[in-house]
Amino acid sequence: MKKNGGLFSILLLLMLVLVACNNTTENNWSGENTAVSDLPMEITNEGEAIKGGTLQVALVASSPFQGILLAELYEDAYDADIMTFASNSIFDVDRDFMIKDTGLARLDVDTDNNKVTVTIQGDYKWSDGTPLTADDLIYSYEIIGHPDYTGIRYDADMQNIVGMVEYHEGADSISGITKVNDKTIEIQFKKLSPAIYYGGDGLWSYAAPKHQLASIPVKNLLQSDAVRKNPVTLGAFKYDNIVNGESVRYVANEHYFKGKPKLEKVVLQVVPPTSAAEAIRAGQYDIALSYPANQYDGVKDLTNIDVLGRPELAYSYLGFKLGKYDTAQGINIMNENAKMNDPGLRKAIAYAMDIETVANRFYQGLRSRATSLIPPVFTSFYDAEFNGYTYDPQRAKQILDDAGYVDVDGDGIREDKNGQPLVIHLAAMAGSDTDEAITEYYRQNWEAVGLNVELTTGRLIEFNAFYDKLEADDPEIDMYMAAWGTGTNPSPTGLYGEEAPFNYSRYVTKELTTLLNSIDSTEAMDAEYRADAFKDWQDYMYDTAHIIPMYFRTEIIPVNKRVKNYNVSYGESTELQNIELVEEKPIK
Amino acid sequence: MWKIIVRRVLVMIPQLFVLSLIVFIMAKQMPGDPFTGLITPETDPNRIEELRQLSGFYDPWYVQYYNWMTNAFQGDFGQSYTYKVAVSNLIGERAFNTFWLAFVSTILVYVIAIPLGVLAGRYQERIMDKTIVLYSFISYAIPTFVLGLIFLFVFGYQLQWFPTSGTVSIHAERGTFEYVWSKFHHLLLPAITYAVLGTTGIIQYLRTEIIDAKMQDYVKTARSKGIPMNKVYSRHIFRNSLLPIAAFLGFTITGLLGGSIFIETIFGFPGMGQLFVSSIGSRDYSVITALVLLYGFLALLGGLLSDIIMSIVDPRIRID
């Protein structure tokens with residue numbers, strides 16, 4: 001469940017691997033072009049904290065959760081939400097999602113030898129009291145690499161570990177992973193990139209409770225009680241009762257490595273989106289996760305809660321089809337003669353879009369113009385100097401005139417450079433009920449500068465059909481509106497690289513390849529070098545205008561006024577063990 | 001009669017076979033597949049491709065169909081792509097919820113509709129009749145999700161008489177009376193919503209039948225023998241008037257498992273209707289095909305049951 005733009009966006013976002021965020025950060029991205037709504041990221045409520053107490057959490061979802069509660073196996077974002085309270089994560093990350101030293105385990109990278117050492121930093125225990133050992137760290141890799149494993153995580157990154165492929169094909173162990181002692185493992189990689197510091201390159205950021213799981217064959221794990229009913233965990237809370245698909249009760253984990261939480265219990269319950277606002281108004285919940293942004297109206301004026309806002313790790317964009325993916329060779333091939341292969345035309349289309357109005361009127365300010373393909377959350381990589389293609393129809397007209405797209409026959413619609421009629425086909429996804437209106441508004445924007453834009457298939461396209469067409473490079477698509485969740489490692493190679501099937505625009509140049517390579521190069525292990533590489537890439541994408549950033553998004557988190565302190569910013573968020581309540585019941 | 005039943009059951013087999021073939025082919029024709037939704041910039045396209053191959057996605061449809069069919073005959077409907085459990089377990093779990101919800105709903109429907117239908121017919125054209133007819137038109141006209149939301153708002157959130165989501169409280173211990181009560185309490189409000197909306201047909205049929213029956217000779221005979229009016233209604237008219245309602249009973253029973261997408265979604269109640277719609281959205285082929293097959297089977301079975309019930313309640317009818 002994961003890309004952005006209507007249903008698709010929701011689905012894609014859901015798929016993002018969420019990293020438990022118990023870190024320190026400051027939100028020092030400021031300036032008018034940073035696309036963050038006015039909603040606060042932190043609240044403090046007066047009052048003396050009660051002892052213990054039960055935090056009531058609403059998980060807003062229209063269908064039951066899947067309940068696969070093991071980091072190695074789950075695929076659904078709702079399961080990720082559930083696991084944040086009982087996470088097996090071993091690393092802490094900072095505001096840029098870089099691994100830091102305050103977690104259960106420490107990461108040491110030996111770049112010269114492509115080797116990594118992971119060390120458990122103390123005598124820590126699982127929630128059932130069994131000590132956490134190096135075997136638990138290794139077991140995660142053994143689950144993912146197992147021949148019977150059918151999840152998405154046995155990927156190119158995992159195969160970057162020496163011996164992983166052999167293990168997947170039946171070897172007894174992974175030769176590249178060695179247990180140094182009870183607390184330390186060494187992992188030998190084929191190559192390392194800067195992603196290693198963000199938990200990429202094949203490094204796994206979780207431990208698996210081997211003492212509980214080892215007796216269960218990997219192919220039976222998904223159905224096992226150890227994954228669905230009584231998982232053992234390293235997190236602040238441990239599972240106490242799970243009603244499949246509906247609700248979860250957690251109790252404080254006395255073995256939590258940062259100390260036993262102040263709360264006694266957490267109860268999480270699925271709430272349908274249709275009544276989520278009402279449930280919050282009625283004081284049934286303290287915190288709502290996955291609250292739908294299009295129901296902001298239902299909670300924004302309530303007096304018993306505060307609405308916090310946090311920038312999402314995602315952006316929406318307008319892309320132009322400029323080539324084809326060659327399945328046989330596995331590379332994108334650009335077509336120099338593509339209809340949209342004129343930077344002037346593409347820029348004019350971008351300047352003609354009144355994105356600001358759409359963001360404010362249709363999305364109530366919960367979206368804002370995206371200025372770059374890196375969300376501002378990534379403070380080190382985001383180039384704050386960009387303004388993006390701000391709405392400027394005059395400029396759009398000028399660019400079109402200069403590029404040779406002029407109205408030859410006087411009907412108010414421009415013809416192409418050869419004087420032939422120009423019809424541009426836009427593929428857009430059907431999602432929420434406002435999508436139709438928004439698409440129509442943009443079409444009017446383009447018509448105002450003399451461009452005739454028609455919808456591919458004549459209407460909005462359902463999510464699955466949309467991506468089918470996009471992946472197949474349907475000739476009916478000249479441009480398309482879609483979105484990406486970036487995850488916590490914003491490296492763009494997988495989305496815009498020469499070999500990337502997800503490079504749906506099929507734009508490839510030598511220059512772009514060089515820029516992308518330098519972001520993930522060994523030199524980029526140096527933070528400053530990498531930041532510069534990111535900025536160069538953003539400059540290039542801005543100049544070529546083959547992907548036009550449209551919106552950054554803000555996710556909203558309603559929080560009841562009985563929660564004493566709550567901070568949702570990345571890197572500085574309230575740690576679970578520190579949450580306190582000031583009343584016995586949520587305030588109505 | 002047994003011969004007839006056996007013959008009818010045997011005819012079902014080719015019908016179900018054709019249905020399964022159509023459903024299987026149509027499901028595969030839908031754009032996208034269960035893996036489309038898994039894509040993020042962090043997923044490896046090659047791994048997705050590998051999983052597609054492992055799942056037999058690229059086999060010709062008749063190979064996939066053959067594999068599916070042979071497994072289905074052994075009771076194995078495959079794994080749900082989304083929930084990663086055996087389809088039969090998944091459907092079983094949901095069917096359990098849906099069945100109890102529908103069972104209670106149906107009882108409530110009859111409890112509400114039969115007295116109202118009888119009263120409307122008996123006091124035809126009087127104020128009682130007009131009120132009941134007005135109610136039945138309103139309940140027929142109001143969309144399910146509107147009434148569902150109103151009930152949820154009033155009885156769930158304002159008055160707090162009922163829980164607002166799920167099938168059981170997380171605090172109830174399995175196997176205790178509290179657990180059973182909690183389950184019942186959770187399904188009561190959706191069941192009432194369902195019942196209030198589902199009464200129109202029965203009220204109208206019953207009313208018409210009773211009005212007709214009042215004019216029949218056997219009623220006049222009974223009256224002329226001096227039998228009190230109340231007894232004429234309960235013994236003579238009521239029984240005869242129930243016939244057309246009994247005709248629907250078979251469909252009603254099998255329809256119980258269909259579930260209601262609106263009610264289940266509004267009340268956060270994990271049932272079959274919701275499962276069906278969400279599995280279409282996520283292209284969970286194995287669940288879609290199993291469910292359609294089940295629905296088809298239930299529809300055929302419902303027809304058969306109705307015929308059998310009719311032949312029992314009305315000895316004049318023979319189903320051969």
# chains A, B, ... in the order shown; residues from 1 in each chain; ligands from 1
>>> interface_residues(of="chain B", to="chain A", cutoff="9 Å", atoms="only C-alpha atoms", output="PyMOL selection string")
chain B and resi 30-33+36-48+51+54+82-86+149+152-153+157-158+164-171+265-270+274-275+278+281-283
>>> residues_around(residues="Leu304 in chain B", least_positions_apart="6", cutoff="12 Å", atoms="only C-alpha atoms", output="list in words")
Met1, Trp2, Ile4, Ile5, Val6, Arg7, Arg8, Val9, Leu10, Val11, Met12, Ala247, Phe248, Leu249, Gly250, Phe251, Ile253, Thr254, Phe297, Leu298, Met310, Ser311 and Ile319 of chain B
>>> write_last_selection(atoms="C-alpha atoms", output="PDB file, in the first residue's frame")
ATOM      1  CA  MET B   1     -38.934 -35.402  -3.305  1.00  0.00           C
ATOM      2  CA  TRP B   2     -35.454 -36.661  -2.473  1.00  0.00           C
ATOM      3  CA  ILE B   4     -35.721 -33.979  -7.054  1.00  0.00           C
ATOM      4  CA  ILE B   5     -33.319 -32.577  -4.506  1.00  0.00           C
ATOM      5  CA  VAL B   6     -30.514 -34.826  -5.648  1.00  0.00           C
ATOM      6  CA  ARG B   7     -31.205 -33.922  -9.255  1.00  0.00           C
ATOM      7  CA  ARG B   8     -31.165 -30.218  -8.434  1.00  0.00           C
ATOM      8  CA  VAL B   9     -27.879 -30.561  -6.581  1.00  0.00           C
ATOM      9  CA  LEU B  10     -26.325 -32.401  -9.512  1.00  0.00           C
ATOM     10  CA  VAL B  11     -27.398 -29.652 -11.895  1.00  0.00           C
ATOM     11  CA  MET B  12     -25.582 -27.171  -9.687  1.00  0.00           C
ATOM     12  CA  ALA B 247     -41.191 -18.493  -0.334  1.00  0.00           C
ATOM     13  CA  PHE B 248     -38.394 -16.038   0.328  1.00  0.00           C
ATOM     14  CA  LEU B 249     -37.054 -17.809   3.364  1.00  0.00           C
ATOM     15  CA  GLY B 250     -34.536 -19.906   1.464  1.00  0.00           C
ATOM     16  CA  PHE B 251     -32.987 -16.894  -0.179  1.00  0.00           C
ATOM     17  CA  ILE B 253     -31.096 -17.782   4.858  1.00  0.00           C
ATOM     18  CA  THR B 254     -28.398 -18.082   2.220  1.00  0.00           C
ATOM     19  CA  PHE B 297     -23.416 -21.652  -4.586  1.00  0.00           C
ATOM     20  CA  LEU B 298     -25.490 -19.889  -1.959  1.00  0.00           C
ATOM     21  CA  MET B 310     -42.746 -24.083   0.030  1.00  0.00           C
ATOM     22  CA  SER B 311     -43.562 -27.710  -0.466  1.00  0.00           C
ATOM     23  CA  ILE B 319     -41.646 -29.474  -6.778  1.00  0.00           C
TER      24      ILE B 319
END
>>> residues_around(residues="range 424-426 of chain A", least_positions_apart="4", cutoff="9 Å", atoms="only C-alpha atoms", output="PyMOL selection string")
chain A and resi 339-340+451-457+476-481
>>> select_by_dssp(residues="range 490-572 of chain A", states="alpha helix (DSSP H)", output="JSON, numbers by chain")
{"A": [493, 494, 495, 496, 510, 511, 512, 513, 514, 515, 516, 517, 518, 519, 527, 528, 529, 530, 531, 532, 533, 534, 535, 536, 537, 538, 539, 540, 541, 542, 543, 544]}
>>> closest_residue(among="A:Asp543, A:Asp286, A:Asp112, A:Asp101", to="Asn565 in chain A", atoms="only C-alpha atoms")
A:Asp286
>>> closest_residue(among="B:Ile107, B:Val133, B:Met69, B:Ile114", to="Ser234 in chain B", atoms="only C-alpha atoms")
B:Ile114
>>> residues_around(residues="range 401-408 of chain A", least_positions_apart="3", cutoff="8 Å", atoms="only C-alpha atoms", output="list in words")
Gly344, Leu345, Lys397, Gln398, Asp411, Gly412, Ile413, Arg414, Glu415, Asp416, Lys417, Gly419 and Gly450 of chain A
>>> closest_residue(among="A:Gly259, A:Gly410, A:Pro376, A:Gly497", to="Ala314 in chain A", atoms="only C-alpha atoms")
A:Pro376
>>> residues_around(residues="Ala396 in chain A", least_positions_apart="3", cutoff="12 Å", atoms="only C-alpha atoms", output="MDAnalysis selection string")
chainID A and resid 343:354 389:393 399:403 405 445:451
>>> write_last_selection(atoms="N, CA and C atoms", output="mmCIF file, in the first residue's frame")
data_model
loop_
_atom_site.group_PDB
_atom_site.id
_atom_site.type_symbol
_atom_site.label_atom_id
_atom_site.label_comp_id
_atom_site.auth_asym_id
_atom_site.auth_seq_id
_atom_site.Cartn_x
_atom_site.Cartn_y
_atom_site.Cartn_z
ATOM 1 N N PRO A 343 11.894 21.176 -23.646
ATOM 2 C CA PRO A 343 11.902 21.721 -22.287
ATOM 3 C C PRO A 343 11.003 22.957 -22.174
ATOM 4 N N GLY A 344 10.920 23.737 -23.267
ATOM 5 C CA GLY A 344 10.078 24.934 -23.233
ATOM 6 C C GLY A 344 8.625 24.573 -23.008
ATOM 7 N N LEU A 345 8.151 23.606 -23.776
ATOM 8 C CA LEU A 345 6.767 23.154 -23.635
ATOM 9 C C LEU A 345 6.499 22.667 -22.212
ATOM 10 N N ARG A 346 7.445 21.873 -21.691
ATOM 11 C CA ARG A 346 7.249 21.307 -20.350
ATOM 12 C C ARG A 346 7.238 22.408 -19.293
ATOM 13 N N LYS A 347 8.155 23.357 -19.426
ATOM 14 C CA LYS A 347 8.188 24.435 -18.434
ATOM 15 C C LYS A 347 6.928 25.276 -18.502
ATOM 16 N N ALA A 348 6.463 25.543 -19.717
ATOM 17 C CA ALA A 348 5.250 26.348 -19.870
ATOM 18 C C ALA A 348 4.078 25.651 -19.189
ATOM 19 N N ILE A 349 3.995 24.335 -19.372
ATOM 20 C CA ILE A 349 2.923 23.576 -18.718
ATOM 21 C C ILE A 349 3.010 23.747 -17.200
ATOM 22 N N ALA A 350 4.252 23.725 -16.695
ATOM 23 C CA ALA A 350 4.450 23.858 -15.252
ATOM 24 C C ALA A 350 4.066 25.257 -14.769
ATOM 25 N N TYR A 351 4.531 26.284 -15.475
ATOM 26 C CA TYR A 351 4.235 27.651 -15.043
ATOM 27 C C TYR A 351 2.745 27.971 -15.135
ATOM 28 N N ALA A 352 2.028 27.260 -15.998
ATOM 29 C CA ALA A 352 0.614 27.566 -16.182
ATOM 30 C C ALA A 352 -0.259 26.983 -15.078
ATOM 31 N N MET A 353 0.306 26.110 -14.227
ATOM 32 C CA MET A 353 -0.519 25.432 -13.223
ATOM 33 C C MET A 353 -0.638 26.247 -11.946
ATOM 34 N N ASP A 354 -1.882 26.513 -11.574
ATOM 35 C CA ASP A 354 -2.131 27.295 -10.364
ATOM 36 C C ASP A 354 -2.182 26.355 -9.159
ATOM 37 N N TYR A 389 8.264 26.109 -9.974
ATOM 38 C CA TYR A 389 7.697 26.816 -11.119
ATOM 39 C C TYR A 389 6.465 27.565 -10.655
ATOM 40 N N THR A 390 6.661 28.686 -9.990
ATOM 41 C CA THR A 390 5.509 29.421 -9.443
ATOM 42 C C THR A 390 4.550 29.835 -10.552
ATOM 43 N N TYR A 391 3.275 29.873 -10.187
ATOM 44 C CA TYR A 391 2.198 30.142 -11.143
ATOM 45 C C TYR A 391 2.431 31.468 -11.870
ATOM 46 N N ASP A 392 2.568 31.417 -13.186
ATOM 47 C CA ASP A 392 2.873 32.610 -13.965
ATOM 48 C C ASP A 392 2.451 32.398 -15.421
ATOM 49 N N PRO A 393 1.157 32.571 -15.684
ATOM 50 C CA PRO A 393 0.651 32.273 -17.033
ATOM 51 C C PRO A 393 1.306 33.130 -18.122
ATOM 52 N N ILE A 399 7.133 31.639 -22.954
ATOM 53 C CA ILE A 399 7.992 30.487 -23.244
ATOM 54 C C ILE A 399 7.471 29.724 -24.460
ATOM 55 N N LEU A 400 6.147 29.562 -24.521
ATOM 56 C CA LEU A 400 5.557 28.829 -25.647
ATOM 57 C C LEU A 400 5.806 29.572 -26.956
ATOM 58 N N ASP A 401 5.622 30.895 -26.922
ATOM 59 C CA ASP A 401 5.887 31.692 -28.126
ATOM 60 C C ASP A 401 7.327 31.490 -28.581
ATOM 61 N N ASP A 402 8.249 31.605 -27.603
ATOM 62 C CA ASP A 402 9.668 31.481 -27.942
ATOM 63 C C ASP A 402 10.005 30.092 -28.486
ATOM 64 N N ALA A 403 9.306 29.075 -27.931
ATOM 65 C CA ALA A 403 9.628 27.704 -28.334
ATOM 66 C C ALA A 403 8.985 27.343 -29.667
ATOM 67 N N TYR A 405 5.586 27.292 -30.294
ATOM 68 C CA TYR A 405 4.213 26.772 -30.209
ATOM 69 C C TYR A 405 3.269 27.964 -30.302
ATOM 70 N N ASN A 445 -6.461 25.901 -16.612
ATOM 71 C CA ASN A 445 -5.204 26.645 -16.533
ATOM 72 C C ASN A 445 -4.435 26.529 -17.840
ATOM 73 N N TRP A 446 -4.366 25.317 -18.355
ATOM 74 C CA TRP A 446 -3.577 25.102 -19.576
ATOM 75 C C TRP A 446 -4.273 25.709 -20.783
ATOM 76 N N GLU A 447 -5.592 25.614 -20.774
ATOM 77 C CA GLU A 447 -6.326 26.214 -21.890
ATOM 78 C C GLU A 447 -6.096 27.718 -21.924
ATOM 79 N N ALA A 448 -5.965 28.312 -20.728
ATOM 80 C CA ALA A 448 -5.771 29.756 -20.640
ATOM 81 C C ALA A 448 -4.468 30.191 -21.304
ATOM 82 N N VAL A 449 -3.480 29.310 -21.362
ATOM 83 C CA VAL A 449 -2.250 29.676 -22.061
ATOM 84 C C VAL A 449 -2.242 29.086 -23.474
ATOM 85 N N GLY A 450 -3.347 28.487 -23.881
ATOM 86 C CA GLY A 450 -3.467 28.027 -25.262
ATOM 87 C C GLY A 450 -3.092 26.583 -25.498
ATOM 88 N N LEU A 451 -3.117 25.770 -24.440
ATOM 89 C CA LEU A 451 -2.774 24.361 -24.636
ATOM 90 C C LEU A 451 -4.026 23.495 -24.486
#
>>> decode(residues="range 192-294 of chain B", atoms="C-alpha atoms", output="compact mmCIF listing (two decimals), in the first residue's frame")
# COMPACT_ATOMS: atom_id res chain seq x y z
CA ILE B 192 -30.98 -2.98 14.27
CA THR B 193 -29.95 -0.71 11.42
CA TYR B 194 -30.16 -3.60 9.03
CA ALA B 195 -33.52 -4.69 10.41
CA VAL B 196 -35.14 -1.28 10.28
CA LEU B 197 -34.18 -1.00 6.62
CA GLY B 198 -35.13 -4.53 5.65
CA THR B 199 -38.77 -4.71 6.66
CA THR B 200 -40.55 -3.10 3.69
CA GLY B 201 -40.99 -6.18 1.52
CA ILE B 202 -42.37 -8.33 4.28
CA ILE B 203 -44.75 -5.65 5.61
CA GLN B 204 -46.16 -4.96 2.17
CA TYR B 205 -46.60 -8.61 1.22
CA LEU B 206 -48.20 -9.50 4.50
CA ARG B 207 -50.52 -6.52 4.40
CA THR B 208 -51.75 -7.35 0.89
CA GLU B 209 -52.20 -11.02 1.70
CA ILE B 210 -54.22 -10.26 4.81
CA ILE B 211 -56.43 -7.78 2.98
CA ASP B 212 -57.07 -10.44 0.33
CA ALA B 213 -57.67 -13.17 2.89
CA LYS B 214 -60.25 -11.13 4.75
CA MET B 215 -62.57 -11.47 1.77
CA GLN B 216 -62.11 -15.22 1.40
CA ASP B 217 -64.92 -17.67 1.94
CA TYR B 218 -63.15 -19.59 4.66
CA VAL B 219 -62.96 -16.43 6.76
CA LYS B 220 -66.67 -15.82 6.34
CA THR B 221 -67.32 -19.46 7.29
CA ALA B 222 -65.20 -19.16 10.39
CA ARG B 223 -66.91 -15.95 11.41
CA SER B 224 -70.36 -17.43 10.82
CA LYS B 225 -69.43 -20.33 13.09
CA GLY B 226 -68.97 -17.70 15.80
CA ILE B 227 -65.17 -17.83 16.11
CA PRO B 228 -63.90 -14.57 17.63
CA MET B 229 -62.18 -12.20 15.23
CA ASN B 230 -58.80 -12.42 17.03
CA LYS B 231 -58.80 -16.16 16.66
CA VAL B 232 -59.75 -15.94 13.00
CA TYR B 233 -56.72 -13.75 12.44
CA SER B 234 -54.27 -15.86 14.39
CA ARG B 235 -55.52 -19.28 13.23
CA HIS B 236 -56.80 -18.77 9.73
CA ILE B 237 -55.72 -15.57 8.04
CA PHE B 238 -52.20 -15.29 9.45
CA ARG B 239 -51.17 -18.79 8.48
CA ASN B 240 -52.33 -18.47 4.91
CA SER B 241 -50.83 -15.03 4.54
CA LEU B 242 -47.38 -16.24 5.53
CA LEU B 243 -47.06 -18.36 2.39
CA PRO B 244 -45.39 -15.80 0.12
CA ILE B 245 -42.99 -14.87 2.90
CA ALA B 246 -42.01 -18.47 3.36
CA ALA B 247 -41.19 -18.49 -0.33
CA PHE B 248 -38.39 -16.04 0.33
CA LEU B 249 -37.05 -17.81 3.36
CA GLY B 250 -34.54 -19.91 1.46
CA PHE B 251 -32.99 -16.89 -0.18
CA THR B 252 -33.02 -15.04 3.10
CA ILE B 253 -31.10 -17.78 4.86
CA THR B 254 -28.40 -18.08 2.22
CA GLY B 255 -28.37 -14.32 1.69
CA LEU B 256 -27.26 -14.01 5.31
CA LEU B 257 -23.70 -14.80 4.34
CA GLY B 258 -23.51 -12.16 1.63
CA GLY B 259 -22.93 -9.40 4.13
CA SER B 260 -23.50 -5.73 3.65
CA ILE B 261 -20.62 -3.56 2.56
CA PHE B 262 -22.23 -0.36 3.89
CA ILE B 263 -23.15 -1.60 7.32
CA GLU B 264 -19.84 -3.38 7.77
CA THR B 265 -17.83 -0.36 6.72
CA ILE B 266 -19.72 2.15 8.83
CA PHE B 267 -19.64 0.01 11.95
CA GLY B 268 -16.06 -1.18 11.40
CA PHE B 269 -17.38 -4.74 11.41
CA PRO B 270 -15.07 -7.22 9.65
CA GLY B 271 -17.48 -9.22 7.51
CA MET B 272 -17.87 -10.76 4.09
CA GLY B 273 -19.19 -7.72 2.21
CA GLN B 274 -16.18 -5.69 3.19
CA LEU B 275 -13.81 -8.53 2.42
CA PHE B 276 -15.25 -8.90 -1.07
CA VAL B 277 -14.94 -5.24 -1.96
CA SER B 278 -11.47 -4.80 -0.48
CA SER B 279 -10.18 -7.94 -2.18
CA ILE B 280 -11.33 -6.58 -5.53
CA GLY B 281 -9.51 -3.33 -4.81
CA SER B 282 -6.28 -5.12 -3.93
CA ARG B 283 -6.65 -7.74 -6.70
CA ASP B 284 -6.58 -10.53 -4.18
CA TYR B 285 -7.55 -13.08 -6.86
CA SER B 286 -7.73 -16.12 -4.66
CA VAL B 287 -10.19 -14.45 -2.31
CA ILE B 288 -12.27 -12.94 -5.13
CA THR B 289 -12.77 -16.24 -6.94
CA ALA B 290 -13.51 -18.19 -3.78
CA LEU B 291 -16.07 -15.61 -2.67
CA VAL B 292 -17.88 -15.41 -6.01
CA LEU B 293 -18.05 -19.17 -6.13
CA LEU B 294 -19.44 -19.22 -2.62
